[in-house]
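Shown next, in structure tokens, is the structure this report addresses.
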Amino acid sequence: MPKSKSSKPSQLTFRKATVHDQKLARGQGGDFHQIAGKDSPVMTTAQGGPVADDLNSLKAGAPGPTLIEDFHFREKIFHFDHERIPERVVHARGYGVHGYFETTRSLKEYTRADLFQRVGEKTPVFVRFSTVAGAKGSFDLARDVRGFAVKLYTKEGNWDLVGNNMPVFFIQDAMRFPDLVHAVKEEPDRAFPQAQSAHDNFWDFISLTPEAMHMVMWIMSDRAIPRSFRFMEGFGVHTFRLVNGNDKSSFVKFIWKPKLGLQSVVWNEAVKINGADPDFHRRDMWDAVQAGNYPEWELCVQIFDHDFADSFDFDVLDPTKLIPEEIIKPVSVGRLVLDRMPDNFFAETEQVAFMTQNVPPGIDFSDDPLLQGRNFSYLDTQLKRLGSPNFTHIPINAPKCPFHHFQQDGHMAMSNPVGRANYQPNSWGLGPRPDPKRGFRSYPGDESGPKARLRPESFADHYSQARQFYQSQTPVEQNHIAMALTFELSKVETLAIRERMVSHLRNIDQDLAKTVASKLGMGKLPKAADAAVPPRDDLEPSPALSIIENGPKSFAGRKLGVLVDDGSDATVLKKLQQALKKEGAAMELIAPAIGGIESSDGEKMPADHMVDGGPSVLFDAVAIVLTKNAAKRLSQEATALDFVSDAFHHCKFIGFTEGAAELLSAAGVEPKADKGVVPLDSPASAANFVDACRQLRIWEREEKVKL
Ligand code: HDE
């Protein structure tokens, strides 16, 4: 057999070190020297020793061997080898932002928590948003729950409100959490799919877990594909306790409401965003904060007493249930403003350790079995992730109030007790002492009963609120839920699992079950699943649960993408820019070349994206501002056609100049298709177009385009 070229033994040739290499090594020349700033400090090792050459390892001759005495090389590689820490077992992909919480209403009557005593009190915060199932490097627009974890550095210690963007959860007992997470993550033999619930294991687990049905409605809804972190609500989920200065307790649920209103994308858009910009949510947060458009939420509370809890239709300790806003109106008590990105992602966002058990005096736990289990898990997981009980010494985790205790030593200890006494009681009068008045006193709930592994009877209704959620949605949103279920179940290969899921849907809504079954080509409807208690159909719909019903009626914080080319009408572009600025929205230009265009008045305008890099899925609405010639040319380009056609199919508002009509037609969009396709044919039309965009999407179109 003839030997291939590559299988010939290669001829090793040695090259003598050149003058250039040696100069570089001495930091005297070449690009290296030019990059160093005039005031750059001298590089040192981690031990502080000045470094002469950071590009070449120490060798015996050229090219080597490398000498083991090269402590700088060894230190550098050793440190690099240990850069990674375990990613979070859930919520691995996240994005953190600093800000503050300002109390706008005193809750003194209900809680002695210091941060709620004084109106105007500002508390520093760090918030980390996340997806749940995907790995640290997965994409942002997975269909998933979003974490909304808030660390408030109060004057009486850290309060971590570790919530999600959905007010209920899949399971009722922490015991089931590892199984839920195993089921949703990649299947263990094949290691896929990544960041997706659309696979057999997930739906197998879910279909065997009727308590998950309410949450299933939430994650199949558009809440699971938010447009951005800035446009989603946050929920503490569990019922917590507030305890006042007289030790009187009330129950409370916490809700974060975004100032910019709720908004989600559609599934077809989410799939495309993941390819176009996997960091879509991160970038959105980064851009907003850099531009000084600080995202803001109101903290709202639903406070209620034991009598309400006893009279409510469901158990308030069951984390698969919510209290509709129409029954207890959330009251706004503060505002959260995010105004500073971390200096270093790893130091802050990756190392931040949220723990549900971090509560200040005046805020306490309820007996929700999920919350009780979480209180164990969060401390435990930090030791695994951060490697030492001293993770509280890391600046992002350390309290910002004075703290004193006798905990000492351990890996990476940064602050140890000083002086002779490291214990108490001591008779030296040294060190801190507990204070029964100021200190945290657990609410003395009177609990007793035989030890047993049980689930309360009051947790048995798994379908009624799922039905209430579904029936509170607009027809458009209901359709999205049906399509999401169909998509997810179409990826499930085992027929019995699909059928089992549809049998649960029959207890939620017959039409939903029928639609999903028929879209799956299921022939006969399976019989309804056995329900522990009969599902109720007398719960009033709760309009507060719909995203569309609660739109912001504003385009503020949103982004218009404008497709332009040489000769684009300068007046239209200026008018659009002005109207958007007034609205508090942004505009980006998409052009055939990133170098930009020359507009009709001869002005050179740089582009923000070239057409391939700026698909319309990245924008909330689009405008096509082109001359006839440009439109003709772009009608030959698939990416320009997609730009228009996707915007249309995703029910976005589309503004267009007369010259652009040919591109619209080529993309299959009739220039008079509906009132979401808006001619930009007079100086006033730009402002009218931006007004129209306040509706965010033109949902009437959806039936026509069948999303
Ligand atoms: Fe978590 N969860 N969780 N979780 N969770 C974690 O803690 C856990 C639950 C939530 O940005 C872990 O530091 C158990 C509900 C958020 O760093 C871990 C149970 C809610 C974050 C953990 C739950 C959440 C986590 C993994 C069932 C909404 C990200 C890494 C009893 C109210 C925090 C870590 C961040 C993270 C355990 C259920 C929210 C393993 C055992 C319900 C936002 O401790």
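Every chain in the structure tokens has a letter given in the order shown (A, B, ...), and although residue numbers restart at 1 in each chain, ligands are simply numbered from 1 in the order shown.
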
Legend entry - Spatial neighbours of segment 399-403 of chain A, 7 Å, only C-alpha atoms, chain gap at least 2 places, as a VMD selection string: chain A and resid 153 155 to 158 397 405

Just the selected residues (C-alpha atoms), exported as a PDB file, in the first residue's frame, please.
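Contents of result.pdb, as written:
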```
ATOM      1  CA  TYR A 153     -27.587  43.587  51.685  1.00  0.00           C
ATOM      2  CA  LYS A 155     -28.447  46.552  57.727  1.00  0.00           C
ATOM      3  CA  GLU A 156     -29.448  43.393  59.574  1.00  0.00           C
ATOM      4  CA  GLY A 157     -27.769  40.890  57.305  1.00  0.00           C
ATOM      5  CA  ASN A 158     -28.358  39.558  53.829  1.00  0.00           C
ATOM      6  CA  ASN A 397     -21.419  37.254  49.480  1.00  0.00           C
ATOM      7  CA  HIS A 405     -18.876  35.731  65.133  1.00  0.00           C
TER       8      HIS A 405
END
```

Legend entry - Leu115 of chain A surroundings by only C-alpha atoms, 12 Å radius, close-in-sequence under 6 positions cut, as a PyMOL selection string: chain A and resi 100-108+121-125+152-159+333-334+359-363

For the residues in that selection, give me N, CA and C atoms as a CSV table (one decimal), in the first residue's frame.
```csv
chain,number,residue,atom,x,y,z
A,100,TYR,N,-30.1,48.8,43.5
A,100,TYR,CA,-30.6,49.1,44.9
A,100,TYR,C,-32.1,48.9,45.0
A,101,PHE,N,-32.5,48.7,46.2
A,101,PHE,CA,-33.9,48.6,46.5
A,101,PHE,C,-34.3,49.8,47.4
A,102,GLU,N,-35.4,50.5,47.0
A,102,GLU,CA,-35.8,51.6,47.8
A,102,GLU,C,-37.2,51.3,48.3
A,103,THR,N,-37.3,51.5,49.7
A,103,THR,CA,-38.6,51.2,50.3
A,103,THR,C,-39.5,52.4,50.0
A,104,THR,N,-40.7,52.1,49.5
A,104,THR,CA,-41.6,53.2,49.2
A,104,THR,C,-42.8,53.2,50.1
A,105,ARG,N,-42.9,52.1,50.9
A,105,ARG,CA,-44.1,52.1,51.8
A,105,ARG,C,-43.6,51.3,53.1
A,106,SER,N,-43.8,51.8,54.2
A,106,SER,CA,-43.4,51.2,55.4
A,106,SER,C,-44.3,49.9,55.7
A,107,LEU,N,-43.6,48.9,56.1
A,107,LEU,CA,-44.4,47.7,56.5
A,107,LEU,C,-44.2,47.4,58.0
A,108,LYS,N,-43.9,48.5,58.7
A,108,LYS,CA,-43.7,48.4,60.2
A,108,LYS,C,-44.8,47.6,60.9
A,121,GLU,N,-35.6,54.4,52.5
A,121,GLU,CA,-34.4,53.6,52.8
A,121,GLU,C,-33.9,52.9,51.6
A,122,LYS,N,-32.6,53.0,51.3
A,122,LYS,CA,-32.0,52.3,50.1
A,122,LYS,C,-31.2,51.2,50.6
A,123,THR,N,-31.4,50.0,50.0
A,123,THR,CA,-30.6,48.8,50.3
A,123,THR,C,-29.9,48.4,49.1
A,124,PRO,N,-28.5,48.2,49.1
A,124,PRO,CA,-27.8,47.7,47.9
A,124,PRO,C,-28.3,46.2,47.6
A,125,VAL,N,-28.4,45.9,46.3
A,125,VAL,CA,-28.8,44.6,45.9
A,125,VAL,C,-27.9,44.0,44.8
A,152,LEU,N,-30.4,41.1,49.0
A,152,LEU,CA,-30.5,42.4,49.5
A,152,LEU,C,-29.6,42.5,50.7
A,153,TYR,N,-28.6,43.5,50.6
A,153,TYR,CA,-27.6,43.6,51.7
A,153,TYR,C,-28.2,44.5,52.7
A,154,THR,N,-29.1,44.0,53.6
A,154,THR,CA,-29.7,44.9,54.6
A,154,THR,C,-28.8,45.2,55.7
A,155,LYS,N,-29.3,46.2,56.6
A,155,LYS,CA,-28.4,46.6,57.7
A,155,LYS,C,-28.5,45.5,58.8
A,156,GLU,N,-29.4,44.5,58.6
A,156,GLU,CA,-29.4,43.4,59.6
A,156,GLU,C,-29.2,42.1,58.9
A,157,GLY,N,-28.2,42.1,58.0
A,157,GLY,CA,-27.8,40.9,57.3
A,157,GLY,C,-28.4,40.7,55.9
A,158,ASN,N,-27.9,39.8,55.2
A,158,ASN,CA,-28.4,39.6,53.8
A,158,ASN,C,-29.7,38.9,53.8
A,159,TRP,N,-30.6,39.4,53.0
A,159,TRP,CA,-31.9,38.7,52.7
A,159,TRP,C,-31.8,38.3,51.2
A,333,VAL,N,-44.5,48.1,47.6
A,333,VAL,CA,-43.8,48.5,48.8
A,333,VAL,C,-42.4,49.0,48.6
A,334,GLY,N,-42.0,48.9,47.3
A,334,GLY,CA,-40.6,49.3,47.1
A,334,GLY,C,-40.2,49.2,45.6
A,359,VAL,N,-32.5,35.2,55.8
A,359,VAL,CA,-33.6,36.1,56.1
A,359,VAL,C,-33.2,37.0,57.3
A,360,PRO,N,-33.6,38.2,57.2
A,360,PRO,CA,-33.3,39.1,58.4
A,360,PRO,C,-34.4,39.0,59.4
A,361,PRO,N,-34.2,39.4,60.7
A,361,PRO,CA,-35.2,39.3,61.7
A,361,PRO,C,-36.5,40.1,61.2
A,362,GLY,N,-37.6,39.4,61.3
A,362,GLY,CA,-38.9,40.0,60.8
A,362,GLY,C,-39.4,39.4,59.6
A,363,ILE,N,-38.6,38.5,58.9
A,363,ILE,CA,-39.0,37.7,57.8
A,363,ILE,C,-38.7,36.3,58.1
```

Inset, instruction - Check the DSSP output for the backbone and give back, as a count of residues only, the residues of segment 595-697 of chain A in strand (DSSP E or B). - result: 17

Legend entry - alpha helix (DSSP H) per DSSP on the backbone: members of segment 135-361 of chain A, as a PyMOL selection string: chain A and resi 177-184+200-207+213-219+267-276+280-290+306-311+345

Legend entry - Residues near Gly596 of chain A, cut-off 7 Å, only C-alpha atoms, skip fewer than 6 positions along chain, as a list in words: Met605, Pro606 and Ala607 of chain A

Please write the residues from the selection above to a file, keeping N, CA and C atoms, as an mmCIF file, in the first residue's frame.
```
data_model
loop_
_atom_site.group_PDB
_atom_site.id
_atom_site.type_symbol
_atom_site.label_atom_id
_atom_site.label_comp_id
_atom_site.auth_asym_id
_atom_site.auth_seq_id
_atom_site.Cartn_x
_atom_site.Cartn_y
_atom_site.Cartn_z
ATOM 1 N N MET A 605 -23.928 57.078 7.003
ATOM 2 C CA MET A 605 -24.483 56.532 8.259
ATOM 3 C C MET A 605 -23.911 55.137 8.487
ATOM 4 N N PRO A 606 -23.179 54.931 9.574
ATOM 5 C CA PRO A 606 -22.632 53.594 9.830
ATOM 6 C C PRO A 606 -23.767 52.623 10.174
ATOM 7 N N ALA A 607 -23.608 51.368 9.801
ATOM 8 C CA ALA A 607 -24.651 50.379 10.116
ATOM 9 C C ALA A 607 -24.326 49.718 11.459
#
```

Legend entry - Using only C-alpha atoms and all ligand atoms: which of A:Asp674, A:Asp380, A:Asp691, A:Glu598 has the shortest distance to ligand 1: A:Asp380

Inset, instruction - May I have the residues within 10 Å of Arg506 of chain A as a VMD selection string, using only C-alpha atoms and disregarding those fewer than 4 positions away in the same chain? - result: chain A and resid 463 467 501 to 502 510 to 514 525 to 529

Could you dump the residues just selected with N, CA and C atoms as an mmCIF file, in the first residue's frame?
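Everything below was put into part13.cif:
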```cif
data_model
loop_
_atom_site.group_PDB
_atom_site.id
_atom_site.type_symbol
_atom_site.label_atom_id
_atom_site.label_comp_id
_atom_site.auth_asym_id
_atom_site.auth_seq_id
_atom_site.Cartn_x
_atom_site.Cartn_y
_atom_site.Cartn_z
ATOM 1 N N TYR A 463 -55.466 20.046 39.343
ATOM 2 C CA TYR A 463 -55.906 20.515 38.025
ATOM 3 C C TYR A 463 -56.634 21.854 38.027
ATOM 4 N N ARG A 467 -56.367 24.750 35.145
ATOM 5 C CA ARG A 467 -57.491 25.137 34.287
ATOM 6 C C ARG A 467 -57.722 26.653 34.376
ATOM 7 N N MET A 501 -49.897 12.331 28.817
ATOM 8 C CA MET A 501 -49.973 13.795 28.967
ATOM 9 C C MET A 501 -51.328 14.311 28.507
ATOM 10 N N VAL A 502 -51.798 13.803 27.373
ATOM 11 C CA VAL A 502 -53.097 14.276 26.879
ATOM 12 C C VAL A 502 -54.197 13.889 27.860
ATOM 13 N N GLN A 510 -60.940 20.579 27.918
ATOM 14 C CA GLN A 510 -61.252 19.584 26.876
ATOM 15 C C GLN A 510 -60.768 20.037 25.502
ATOM 16 N N ASP A 511 -60.982 21.338 25.195
ATOM 17 C CA ASP A 511 -60.581 21.815 23.861
ATOM 18 C C ASP A 511 -59.068 21.748 23.697
ATOM 19 N N LEU A 512 -58.373 22.102 24.775
ATOM 20 C CA LEU A 512 -56.897 22.032 24.717
ATOM 21 C C LEU A 512 -56.471 20.587 24.445
ATOM 22 N N ALA A 513 -57.069 19.657 25.168
ATOM 23 C CA ALA A 513 -56.721 18.235 24.983
ATOM 24 C C ALA A 513 -57.004 17.805 23.545
ATOM 25 N N LYS A 514 -58.168 18.233 23.024
ATOM 26 C CA LYS A 514 -58.539 17.826 21.661
ATOM 27 C C LYS A 514 -57.580 18.408 20.641
ATOM 28 N N LEU A 525 -59.012 10.169 21.459
ATOM 29 C CA LEU A 525 -58.601 10.853 22.697
ATOM 30 C C LEU A 525 -58.459 9.831 23.822
ATOM 31 N N PRO A 526 -57.336 9.819 24.518
ATOM 32 C CA PRO A 526 -57.241 8.898 25.657
ATOM 33 C C PRO A 526 -58.208 9.333 26.758
ATOM 34 N N LYS A 527 -58.569 8.404 27.660
ATOM 35 C CA LYS A 527 -59.519 8.827 28.700
ATOM 36 C C LYS A 527 -58.802 9.723 29.720
ATOM 37 N N ALA A 528 -59.608 10.550 30.395
ATOM 38 C CA ALA A 528 -59.029 11.514 31.342
ATOM 39 C C ALA A 528 -58.282 10.785 32.459
ATOM 40 N N ALA A 529 -57.181 11.400 32.919
ATOM 41 C CA ALA A 529 -56.405 10.791 34.009
ATOM 42 C C ALA A 529 -57.251 10.759 35.274
#
```

Legend entry - Of the listed residues A:Ala195, A:Ala133, A:Ile590, A:Ala46, that which approaches ligand 1 most closely, counting only C-alpha atoms and all ligand atoms: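 Of all the options, A:Ala133 lies closest to ligand 1.
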
Inset, instruction - Would you list the contacts of Gln290 of chain A as a ChimeraX atom specification, taking every protein, DNA or RNA residue within 9 Å and counting only C-alpha atoms, but skipping same-chain residues closer than 5 positions in sequence? - result: /A:285,339-341

Residue selection dump (C-alpha atoms) as a compact mmCIF listing (two decimals), in the first residue's frame:
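Everything below was put into selection35.txt:
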```txt
# COMPACT_ATOMS: atom_id res chain seq x y z
CA MET A 285 -29.31 43.75 30.01
CA ASP A 339 -27.79 50.32 37.53
CA ARG A 340 -24.34 48.70 37.49
CA MET A 341 -22.82 45.72 35.77
```

Inset, instruction - Can you pull out every residue within 8 Å of Val516 of chain A, counting only C-alpha atoms, but drop anything in the same chain fewer than 6 positions away, and send it as a list in words? - result: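 Listing them by chain and then by number gives Ala482, Met483, Leu485, Thr486 and Val502 of chain A.
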
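Among the candidate residues A:Ile323, A:Ala623, A:Met215, A:Ala692, the one lying nearest to Leu680 of chain A is A:Ala623, with distances computed using only C-alpha atoms.
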
Legend entry - Pick from A:Ala579, A:Val145, A:Ala484, A:Ile255 nearest to Pro226 of chain A, counting only C-alpha atoms: A:Val145

I'd like the contact shell of segment 67-72 of chain A - 6 Å cut-off, only C-alpha atoms, skipping same-chain residues fewer than 3 positions apart - returned as a PDB file with C-alpha atoms, in the first residue's frame.
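File produced: result15.pdb:
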```
ATOM      1  CA  LEU A  58      12.536  28.893  30.366  1.00  0.00           C
ATOM      2  CA  LYS A  59      14.407  26.407  28.172  1.00  0.00           C
ATOM      3  CA  GLU A  75       2.443  29.086  38.449  1.00  0.00           C
TER       4      GLU A  75
END
```

Inset, instruction - State, in Å with one decimal place, the distance from atom CA of Glu233 of chain A to atom CA of Lys257 of chain A. - result: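 We find that atom CA of Glu233 of chain A and atom CA of Lys257 of chain A lie 5.0 Å from each other.
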
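Minimum atom-to-atom distance to ligand 1, evaluated using only C-alpha atoms and all ligand atoms, belongs to A:Leu371 out of A:Leu208, A:Ala591, A:Leu371, A:Met232.
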